[in-house]
file run14.cif (mmCIF, C-alpha atoms)
data_entry
#
loop_
_atom_site.label_atom_id
_atom_site.label_comp_id
_atom_site.auth_asym_id
_atom_site.auth_seq_id
_atom_site.Cartn_x
_atom_site.Cartn_y
_atom_site.Cartn_z
CA MET N 1 -15.02 -18.93 11.48
CA ILE N 2 -11.84 -16.94 12.14
CA ARG N 3 -10.90 -14.49 9.41
CA PHE N 4 -7.37 -14.15 8.06
CA ASN N 5 -8.49 -13.24 4.55
CA ASN N 6 -7.57 -9.55 4.56
CA ASP N 7 -6.60 -6.59 6.74
CA TYR N 8 -9.84 -4.62 6.45
CA ASN N 9 -12.44 -7.02 7.79
CA HIS N 10 -13.11 -5.03 10.99
CA GLY N 11 -14.38 -1.50 11.45
CA ALA N 12 -11.84 0.83 13.07
CA HIS N 13 -9.52 1.08 16.03
CA PRO N 14 -11.45 2.01 19.21
CA ALA N 15 -9.47 5.26 19.55
CA ILE N 16 -10.85 6.39 16.19
CA LEU N 17 -14.41 5.46 17.11
CA GLU N 18 -14.01 7.39 20.35
CA ALA N 19 -12.66 10.45 18.51
CA LEU N 20 -15.61 10.30 16.11
CA ARG N 21 -18.04 10.00 19.03
CA LYS N 22 -16.56 12.98 20.86
CA THR N 23 -16.74 15.23 17.81
CA ASN N 24 -20.01 14.01 16.32
CA SER N 25 -22.02 16.98 17.54
CA GLU N 26 -19.50 19.51 16.15
CA SER N 27 -19.72 21.06 12.70
CA TYR N 28 -16.91 21.73 10.23
CA GLY N 29 -16.26 23.13 6.80
CA GLY N 30 -16.29 20.62 3.96
CA TYR N 31 -13.98 19.13 1.37
CA GLY N 32 -10.93 18.74 3.60
CA LEU N 33 -10.72 22.42 4.53
CA ASP N 34 -11.18 21.85 8.25
CA PRO N 35 -9.06 21.86 11.42
CA TRP N 36 -8.77 18.07 11.64
CA CYS N 37 -7.36 17.69 8.14
CA LYS N 38 -4.92 20.50 8.89
CA LYS N 39 -3.83 18.89 12.18
CA ALA N 40 -3.49 15.47 10.56
CA ALA N 41 -1.42 16.90 7.71
CA GLU N 42 0.90 18.60 10.19
CA ALA N 43 1.31 15.36 12.16
CA ILE N 44 2.21 13.48 9.00
CA LYS N 45 4.66 16.16 7.84
CA LYS N 46 6.31 15.95 11.24
CA GLU N 47 6.52 12.15 10.93
CA ILE N 48 8.28 12.36 7.56
CA GLY N 49 10.39 15.40 8.47
CA CYS N 50 9.21 17.38 5.46
CA PRO N 51 7.30 20.61 6.20
CA ASP N 52 7.03 21.45 2.50
CA ALA N 53 5.08 18.31 1.62
CA ALA N 54 1.44 18.58 0.57
CA VAL N 55 -0.89 16.10 2.29
CA HIS N 56 -4.35 15.22 0.97
CA PHE N 57 -6.89 12.73 2.26
CA LEU N 58 -8.76 10.40 -0.09
CA VAL N 59 -11.23 7.64 0.67
CA GLY N 60 -9.57 4.57 -0.89
CA GLY N 61 -6.46 3.14 -2.48
CA THR N 62 -7.75 2.86 -6.05
CA GLN N 63 -8.85 6.50 -5.90
CA ALA N 64 -5.44 7.49 -4.56
CA ASN N 65 -3.63 5.58 -7.29
CA TYR N 66 -5.51 6.81 -10.30
CA THR N 67 -5.84 10.37 -8.99
CA VAL N 68 -2.09 10.75 -8.42
CA ILE N 69 -1.29 9.13 -11.76
CA SER N 70 -3.81 11.21 -13.70
CA ALA N 71 -2.54 14.38 -12.03
CA ALA N 72 1.07 13.59 -12.88
CA LEU N 73 0.83 12.43 -16.49
CA ARG N 74 -0.02 14.10 -19.76
CA PRO N 75 -2.37 12.13 -22.06
CA PHE N 76 0.42 10.47 -24.07
CA GLN N 77 2.45 9.39 -21.03
CA SER N 78 2.51 5.98 -19.33
CA VAL N 79 3.38 4.47 -15.96
CA ILE N 80 5.86 1.66 -15.33
CA ALA N 81 4.72 -1.05 -12.89
CA ALA N 82 5.43 -4.63 -11.86
CA ASP N 83 3.31 -7.37 -13.41
CA CYS N 84 1.79 -7.98 -9.97
CA GLY N 85 1.28 -4.28 -9.22
CA HIS N 86 -2.10 -3.35 -7.77
CA ILE N 87 -2.88 -0.94 -10.62
CA GLN N 88 -2.22 -3.79 -13.07
CA VAL N 89 -4.12 -6.70 -11.51
CA HIS N 90 -6.58 -5.42 -8.90
CA GLU N 91 -8.15 -2.16 -10.07
CA THR N 92 -10.28 -3.18 -13.07
CA GLY N 93 -8.14 -1.15 -15.47
CA ALA N 94 -8.79 2.12 -13.62
CA VAL N 95 -5.52 3.72 -14.72
CA GLU N 96 -6.01 2.68 -18.33
CA HIS N 97 -9.65 3.79 -18.12
CA ILE N 98 -8.43 7.35 -17.44
CA GLY N 99 -6.20 7.10 -20.50
CA HIS N 100 -2.74 5.98 -19.39
CA LYS N 101 -1.01 2.81 -20.53
CA ILE N 102 0.68 0.66 -17.90
CA GLU N 103 4.15 -0.48 -19.00
CA VAL N 104 4.41 -3.85 -17.27
CA LEU N 105 7.73 -5.31 -16.09
CA PRO N 106 8.22 -8.91 -14.88
CA SER N 107 8.76 -9.02 -11.12
CA ALA N 108 10.86 -11.20 -8.84
CA ASN N 109 9.29 -11.76 -5.42
CA GLY N 110 6.98 -8.86 -6.23
CA LYS N 111 9.73 -6.34 -7.00
CA ILE N 112 11.16 -4.63 -10.08
CA THR N 113 14.71 -3.32 -10.37
CA ALA N 114 16.40 -0.08 -11.31
CA ALA N 115 18.01 -1.88 -14.27
CA GLN N 116 14.63 -2.95 -15.63
CA ILE N 117 13.30 0.58 -15.33
CA ALA N 118 16.38 2.03 -17.03
CA GLU N 119 16.03 -0.43 -19.91
CA LYS N 120 12.38 0.54 -20.44
CA ALA N 121 13.14 4.27 -20.27
CA GLU N 122 16.13 3.92 -22.59
CA LEU N 123 13.99 2.20 -25.22
CA TYR N 124 11.84 5.30 -25.37
CA ARG N 125 14.78 7.72 -25.27
CA THR N 126 16.48 6.06 -28.24
CA SER N 127 13.32 5.45 -30.25
CA CYS N 128 13.09 7.14 -33.63
CA VAL N 129 9.29 7.02 -33.49
CA GLN N 130 8.59 8.60 -30.11
CA GLU N 131 5.45 10.27 -31.40
CA HIS N 132 3.95 6.84 -32.12
CA ILE N 133 4.46 5.28 -28.68
CA THR N 134 3.65 6.23 -25.12
CA GLN N 135 6.29 8.02 -23.07
CA PRO N 136 7.14 6.43 -19.68
CA LYS N 137 6.90 9.22 -17.13
CA MET N 138 6.24 7.54 -13.79
CA VAL N 139 7.41 4.47 -11.88
CA TYR N 140 4.79 2.88 -9.62
CA ILE N 141 5.82 0.45 -6.88
CA SER N 142 4.14 -0.81 -3.72
CA TYR N 143 5.60 -0.88 -0.22
CA PRO N 144 5.20 -3.61 0.76
CA THR N 145 4.61 -5.38 -2.54
CA GLU N 146 1.56 -7.45 -3.40
CA VAL N 147 3.34 -10.55 -2.08
CA GLY N 148 4.58 -8.91 1.12
CA SER N 149 8.19 -8.31 0.09
CA LEU N 150 10.08 -5.12 0.88
CA TYR N 151 12.27 -2.82 -1.15
CA SER N 152 15.49 -2.04 0.70
CA LYS N 153 16.81 1.48 1.06
CA LYS N 154 19.58 0.61 -1.42
CA GLU N 155 17.07 -0.65 -3.98
CA LEU N 156 14.93 2.46 -3.61
CA GLU N 157 17.98 4.72 -3.92
CA GLU N 158 18.96 2.92 -7.13
CA ILE N 159 15.45 3.38 -8.52
CA ARG N 160 15.55 7.04 -7.53
CA ARG N 161 18.79 7.55 -9.48
CA VAL N 162 17.25 6.04 -12.60
CA CYS N 163 14.15 8.17 -12.19
CA ASP N 164 16.32 11.28 -11.93
CA GLN N 165 18.34 10.25 -14.98
CA TYR N 166 15.24 9.82 -17.14
CA LYS N 167 13.06 12.47 -15.49
CA LEU N 168 10.51 9.97 -14.17
CA TYR N 169 8.26 10.49 -11.18
CA LEU N 170 8.48 7.83 -8.45
CA PHE N 171 5.15 6.99 -6.81
CA VAL N 172 4.82 4.47 -3.96
CA ASP N 173 1.48 2.78 -3.24
CA GLY N 174 1.30 2.69 0.56
CA ALA N 175 -2.03 0.97 1.15
CA ARG N 176 -0.12 -1.27 3.61
CA MET N 177 2.62 1.23 4.40
CA GLY N 178 2.25 0.73 8.15
CA TYR N 179 2.89 -2.98 7.82
CA GLY N 180 5.89 -2.35 5.57
CA LEU N 181 7.61 0.24 7.73
CA GLY N 182 6.54 -1.76 10.79
CA SER N 183 8.38 -4.88 9.65
CA PRO N 184 11.56 -5.83 11.55
CA GLU N 185 13.20 -6.37 8.14
CA SER N 186 12.54 -2.83 6.90
CA ASP N 187 15.52 -0.50 6.74
CA LEU N 188 13.40 2.36 5.43
CA SER N 189 11.89 5.16 7.47
CA ALA N 190 9.05 7.51 6.62
CA ALA N 191 11.70 10.22 6.21
CA ASP N 192 13.50 8.05 3.65
CA LEU N 193 10.31 7.83 1.61
CA ALA N 194 9.95 11.60 1.70
CA ARG N 195 13.55 11.94 0.52
CA LEU N 196 13.45 9.32 -2.24
CA THR N 197 9.96 9.58 -3.77
CA ASP N 198 7.84 12.18 -5.51
CA ALA N 199 4.59 10.89 -4.05
CA PHE N 200 3.44 8.15 -1.70
CA TYR N 201 0.62 7.50 0.71
CA PHE N 202 -0.05 6.16 4.16
CA GLY N 203 -2.88 3.66 3.96
CA GLY N 204 -5.59 3.93 6.57
CA THR N 205 -8.24 1.53 5.25
CA LYS N 206 -6.00 -1.48 5.94
CA CYS N 207 -4.20 0.04 8.91
CA GLY N 208 -6.80 0.83 11.55
CA ALA N 209 -9.06 3.46 10.00
CA LEU N 210 -12.67 3.05 8.92
CA PHE N 211 -11.48 4.20 5.50
CA GLY N 212 -9.00 6.61 3.98
CA GLU N 213 -5.53 7.12 2.52
CA ALA N 214 -3.20 10.05 3.24
CA VAL N 215 -1.51 11.07 -0.02
CA VAL N 216 1.84 12.83 0.43
CA LEU N 217 3.10 14.89 -2.51
CA LEU N 218 6.76 15.89 -2.48
CA HIS N 219 7.41 17.10 -6.03
CA PRO N 220 6.20 20.70 -6.54
CA ALA N 221 4.78 19.90 -9.98
CA LEU N 222 2.47 17.30 -8.43
CA GLN N 223 1.32 19.64 -5.68
CA GLU N 224 -0.01 22.24 -8.10
CA ASP N 225 -3.77 22.06 -8.65
CA PHE N 226 -4.01 18.64 -7.02
CA ARG N 227 -7.27 19.48 -5.26
CA SER N 228 -8.82 20.10 -8.67
CA CYS N 229 -7.63 16.64 -9.76
CA ILE N 230 -9.15 15.09 -6.64
CA LYS N 231 -12.50 16.70 -7.36
CA GLN N 232 -12.52 15.89 -11.08
CA ASN N 233 -11.77 12.24 -10.33
CA GLY N 234 -14.67 11.95 -7.90
CA ALA N 235 -12.30 11.43 -4.97
CA MET N 236 -13.10 14.45 -2.80
CA LEU N 237 -15.13 13.63 0.31
CA ALA N 238 -17.57 16.38 1.31
CA LYS N 239 -17.26 15.42 4.99
CA GLY N 240 -13.49 15.56 4.75
CA TRP N 241 -13.00 15.98 8.48
CA LEU N 242 -13.95 12.33 8.92
CA LEU N 243 -10.67 11.50 7.17
CA GLY N 244 -8.62 14.13 8.92
CA LEU N 245 -9.83 13.10 12.37
CA GLN N 246 -8.93 9.48 11.73
CA PHE N 247 -5.41 10.24 10.53
CA HIS N 248 -4.84 12.70 13.34
CA THR N 249 -5.76 9.95 15.79
CA LEU N 250 -3.41 7.49 14.07
CA PHE N 251 -0.40 9.80 13.76
CA GLU N 252 -0.53 12.24 16.66
CA ASN N 253 0.93 9.83 19.23
CA GLY N 254 2.35 6.95 17.18
CA LEU N 255 -0.73 4.71 17.18
CA TYR N 256 -0.34 3.94 13.45
CA PHE N 257 2.95 2.12 13.88
CA ASP N 258 2.11 0.61 17.26
CA ILE N 259 -0.79 -1.35 15.80
CA THR N 260 0.85 -2.26 12.50
CA LYS N 261 4.06 -3.54 14.14
CA ARG N 262 1.95 -5.76 16.37
CA ALA N 263 0.10 -7.18 13.35
CA VAL N 264 3.38 -7.99 11.63
CA ALA N 265 4.67 -9.79 14.72
CA LEU N 266 1.54 -11.96 14.78
CA ALA N 267 1.87 -12.76 11.08
CA LEU N 268 5.46 -13.87 11.55
CA LYS N 269 4.32 -16.26 14.28
CA ILE N 270 1.92 -17.82 11.78
CA ARG N 271 4.66 -18.08 9.16
CA ASP N 272 7.05 -19.72 11.60
CA ALA N 273 4.40 -22.28 12.60
CA PHE N 274 3.85 -23.32 8.98
CA VAL N 275 7.61 -23.49 8.30
CA CYS N 276 8.17 -25.62 11.41
CA LYS N 277 5.65 -28.11 10.04
CA GLY N 278 7.55 -28.30 6.76
CA PHE N 279 5.30 -26.18 4.54
CA LYS N 280 6.93 -24.10 1.80
CA LEU N 281 6.53 -20.36 1.43
CA TYR N 282 5.19 -18.86 -1.79
CA SER N 283 7.05 -15.59 -1.24
CA ASN N 284 9.62 -14.14 1.11
CA SER N 285 7.36 -11.89 3.16
CA HIS N 286 8.25 -10.17 6.42
CA THR N 287 4.99 -8.26 6.69
CA ASN N 288 1.40 -8.92 7.73
CA GLN N 289 0.70 -10.99 4.62
CA GLN N 290 2.00 -14.55 4.65
CA PHE N 291 1.75 -16.78 1.59
CA ILE N 292 1.88 -20.52 2.20
CA ILE N 293 1.81 -23.45 -0.25
CA LEU N 294 -0.67 -26.10 0.94
CA ASP N 295 -1.79 -29.41 -0.47
CA ARG N 296 -5.49 -29.55 -1.24
CA ALA N 297 -6.41 -31.77 1.72
CA THR N 298 -4.66 -29.45 4.19
CA MET N 299 -6.26 -26.39 2.65
CA GLU N 300 -9.72 -27.92 2.90
CA LYS N 301 -9.08 -28.96 6.51
CA LEU N 302 -8.04 -25.45 7.56
CA ALA N 303 -10.93 -23.93 5.59
CA GLU N 304 -13.37 -25.65 7.94
CA LYS N 305 -12.42 -23.17 10.65
CA TYR N 306 -10.53 -20.29 9.00
CA ILE N 307 -11.19 -17.90 6.15
CA PHE N 308 -8.09 -17.16 4.06
CA GLU N 309 -7.48 -16.21 0.43
CA PHE N 310 -6.55 -18.18 -2.65
CA GLN N 311 -3.41 -16.84 -4.31
CA GLU N 312 -2.36 -19.21 -7.07
CA GLN N 313 -2.76 -22.78 -8.26
CA ILE N 314 0.77 -24.20 -8.18
CA ASP N 315 -0.02 -27.62 -9.63
CA GLU N 316 -2.82 -30.19 -9.52
CA ASN N 317 -2.54 -30.70 -5.75
CA ARG N 318 -0.76 -27.61 -4.42
CA ILE N 319 -2.28 -24.18 -3.86
CA ALA N 320 -0.70 -20.96 -2.64
CA VAL N 321 -2.92 -19.20 -0.09
CA ARG N 322 -2.65 -16.00 1.91
CA PHE N 323 -3.06 -15.57 5.65
CA CYS N 324 -3.34 -11.90 6.54
CA THR N 325 -3.25 -10.27 9.97
CA SER N 326 -4.29 -6.74 10.81
CA TRP N 327 -4.46 -4.21 13.61
CA SER N 328 -7.57 -6.07 14.82
CA THR N 329 -6.16 -9.62 14.86
CA THR N 330 -6.03 -11.04 18.36
CA GLU N 331 -3.40 -13.18 20.07
CA GLU N 332 -6.13 -15.74 20.76
CA GLU N 333 -6.99 -16.06 17.07
CA VAL N 334 -3.35 -16.54 16.12
CA ASN N 335 -2.66 -19.02 18.92
CA THR N 336 -5.72 -21.05 17.92
CA LEU N 337 -4.48 -21.21 14.33
CA ILE N 338 -0.97 -22.18 15.43
CA LYS N 339 -2.33 -25.06 17.51
CA ASP N 340 -4.26 -26.33 14.52
CA ILE N 341 -1.18 -26.01 12.29
CA GLU N 342 0.80 -28.07 14.81
CA LYS N 343 -1.84 -30.83 14.56
CA LEU N 344 -1.57 -31.11 10.76
#
call {"tool": "encode", "arguments": {"input": "run14.cif", "output": "structure tokens"}}
result
Amino acid sequence: MIRFNNDYNHGAHPAILEALRKTNSESYGGYGLDPWCKKAAEAIKKEIGCPDAAVHFLVGGTQANYTVISAALRPFQSVIAADCGHIQVHETGAVEHIGHKIEVLPSANGKITAAQIAEKAELYRTSCVQEHITQPKMVYISYPTEVGSLYSKKELEEIRRVCDQYKLYLFVDGARMGYGLGSPESDLSAADLARLTDAFYFGGTKCGALFGEAVVLLHPALQEDFRSCIKQNGAMLAKGWLLGLQFHTLFENGLYFDITKRAVALALKIRDAFVCKGFKLYSNSHTNQQFIILDRATMEKLAEKYIFEFQEQIDENRIAVRFCTSWSTTEEEVNTLIKDIEKL
């Protein structure tokens, strides 16, 4: 069986395994206060062109999301998110478990708009019963979105203006950031994210690392006491250098974007093969996730040889599925799939 079900079904890039092997006999201080975390943070700050940013390393995306949100919000404040946002549909209510309501907005191709956010914020501003309802204080979006779509620089700038108008934090989930910025359709840079957001993260778990996310805090209010928030939320790794070493390896010489751009290119080959055979797309994705609408017989035929993910039941006979490439996907795997698509 050939796996296209997700982008974390292999261990880690060989360069990371080699770095871990070379340093395995060395000893370091714990909890992220070590030379590798410091070097990795400096490499990331150089990448985004922001020396004043604070960079912290957490183990996983759910931890990163609820730790940043809990650090940013007071108990009566809420976070605005798309109806397909990861914190809404894939994290078992983690954000609401820590006491913050998610204000859900309907999405189009995975995205929400500045106008939607302004409308939600204005409802609170003009309410005569503010003490009885939660106060929106943060906007959460993903780059890329859950269906592989991308916010443009113009869209992000518009959202930023609304956030400034209503004093909202803007937080970008970057679990697949490498595949978003690595897309040929992206007009955003890492420096743009540093300029337009208050917090975001570079995902490692899905982008070549064994595990880990690099949280970047831009707003001074979010930087204060963040390590205490990490610890209180059970997100602080004692052997923190294992995270720092991995991100240093990924960012020191551009490996992060080399491997994610390649994965996107392979995913687009898969998309083009399905389109050439007349299959419809479920979403307009230019990233490593491709969503295809298949009839049941075709899905069952491909499932004999490939592992992919169910997305949504469209009707009685049509199903949307996801094919996902990663840093570890090989040309041979993709070419084999394309040949089988051509035979359908």
call {"tool": "resolve_selection", "arguments": {"input": "run14.cif", "expression": "the PyMOL selection byres ((chain N and resi 324-332) around 8)", "output": "ChimeraX atom specification"}}
result
/N:4-8,10,13,206-208,259-260,262-264,266-267,288-290,308,322-323,333-336
call {"tool": "write_last_selection", "arguments": {"input": "run14.cif", "atoms": "C-alpha atoms", "output": "PDB file, keeping the file's coordinate frame"}}
result
ATOM      1  CA  PHE N   4      -7.370 -14.150   8.060  1.00  0.00           C
ATOM      2  CA  ASN N   5      -8.490 -13.240   4.550  1.00  0.00           C
ATOM      3  CA  ASN N   6      -7.570  -9.550   4.560  1.00  0.00           C
ATOM      4  CA  ASP N   7      -6.600  -6.590   6.740  1.00  0.00           C
ATOM      5  CA  TYR N   8      -9.840  -4.620   6.450  1.00  0.00           C
ATOM      6  CA  HIS N  10     -13.110  -5.030  10.990  1.00  0.00           C
ATOM      7  CA  HIS N  13      -9.520   1.080  16.030  1.00  0.00           C
ATOM      8  CA  LYS N 206      -6.000  -1.480   5.940  1.00  0.00           C
ATOM      9  CA  CYS N 207      -4.200   0.040   8.910  1.00  0.00           C
ATOM     10  CA  GLY N 208      -6.800   0.830  11.550  1.00  0.00           C
ATOM     11  CA  ILE N 259      -0.790  -1.350  15.800  1.00  0.00           C
ATOM     12  CA  THR N 260       0.850  -2.260  12.500  1.00  0.00           C
ATOM     13  CA  ARG N 262       1.950  -5.760  16.370  1.00  0.00           C
ATOM     14  CA  ALA N 263       0.100  -7.180  13.350  1.00  0.00           C
ATOM     15  CA  VAL N 264       3.380  -7.990  11.630  1.00  0.00           C
ATOM     16  CA  LEU N 266       1.540 -11.960  14.780  1.00  0.00           C
ATOM     17  CA  ALA N 267       1.870 -12.760  11.080  1.00  0.00           C
ATOM     18  CA  ASN N 288       1.400  -8.920   7.730  1.00  0.00           C
ATOM     19  CA  GLN N 289       0.700 -10.990   4.620  1.00  0.00           C
ATOM     20  CA  GLN N 290       2.000 -14.550   4.650  1.00  0.00           C
ATOM     21  CA  PHE N 308      -8.090 -17.160   4.060  1.00  0.00           C
ATOM     22  CA  ARG N 322      -2.650 -16.000   1.910  1.00  0.00           C
ATOM     23  CA  PHE N 323      -3.060 -15.570   5.650  1.00  0.00           C
ATOM     24  CA  GLU N 333      -6.990 -16.060  17.070  1.00  0.00           C
ATOM     25  CA  VAL N 334      -3.350 -16.540  16.120  1.00  0.00           C
ATOM     26  CA  ASN N 335      -2.660 -19.020  18.920  1.00  0.00           C
ATOM     27  CA  THR N 336      -5.720 -21.050  17.920  1.00  0.00           C
TER      28      THR N 336
END
call {"tool": "resolve_selection", "arguments": {"input": "run14.cif", "expression": "the PyMOL selection byres ((chain N and resi 26-36) around 8)", "output": "PyMOL selection string"}}
result
chain N and resi 23-25+37-40+56-57+236-241+244-245+248
call {"tool": "resolve_selection", "arguments": {"input": "run14.cif", "expression": "the PyMOL selection byres ((chain N and resi 281) around 10)", "output": "PyMOL selection string"}}
result
chain N and resi 271+274-275+278-280+282-285+290-294+320-321
call {"tool": "closest_residue", "arguments": {"input": "run14.cif", "among": "N:Val129, N:Ala175, N:Ala54, N:Ala43", "to": "N:His86", "atoms": "only C-alpha atoms"}}
result
N:Ala175
call {"tool": "closest_residue", "arguments": {"input": "run14.cif", "among": "N:Ala114, N:Ala235, N:Leu58, N:Leu268", "to": "N:Tyr151", "atoms": "all atoms listed in the file"}}
result
N:Ala114
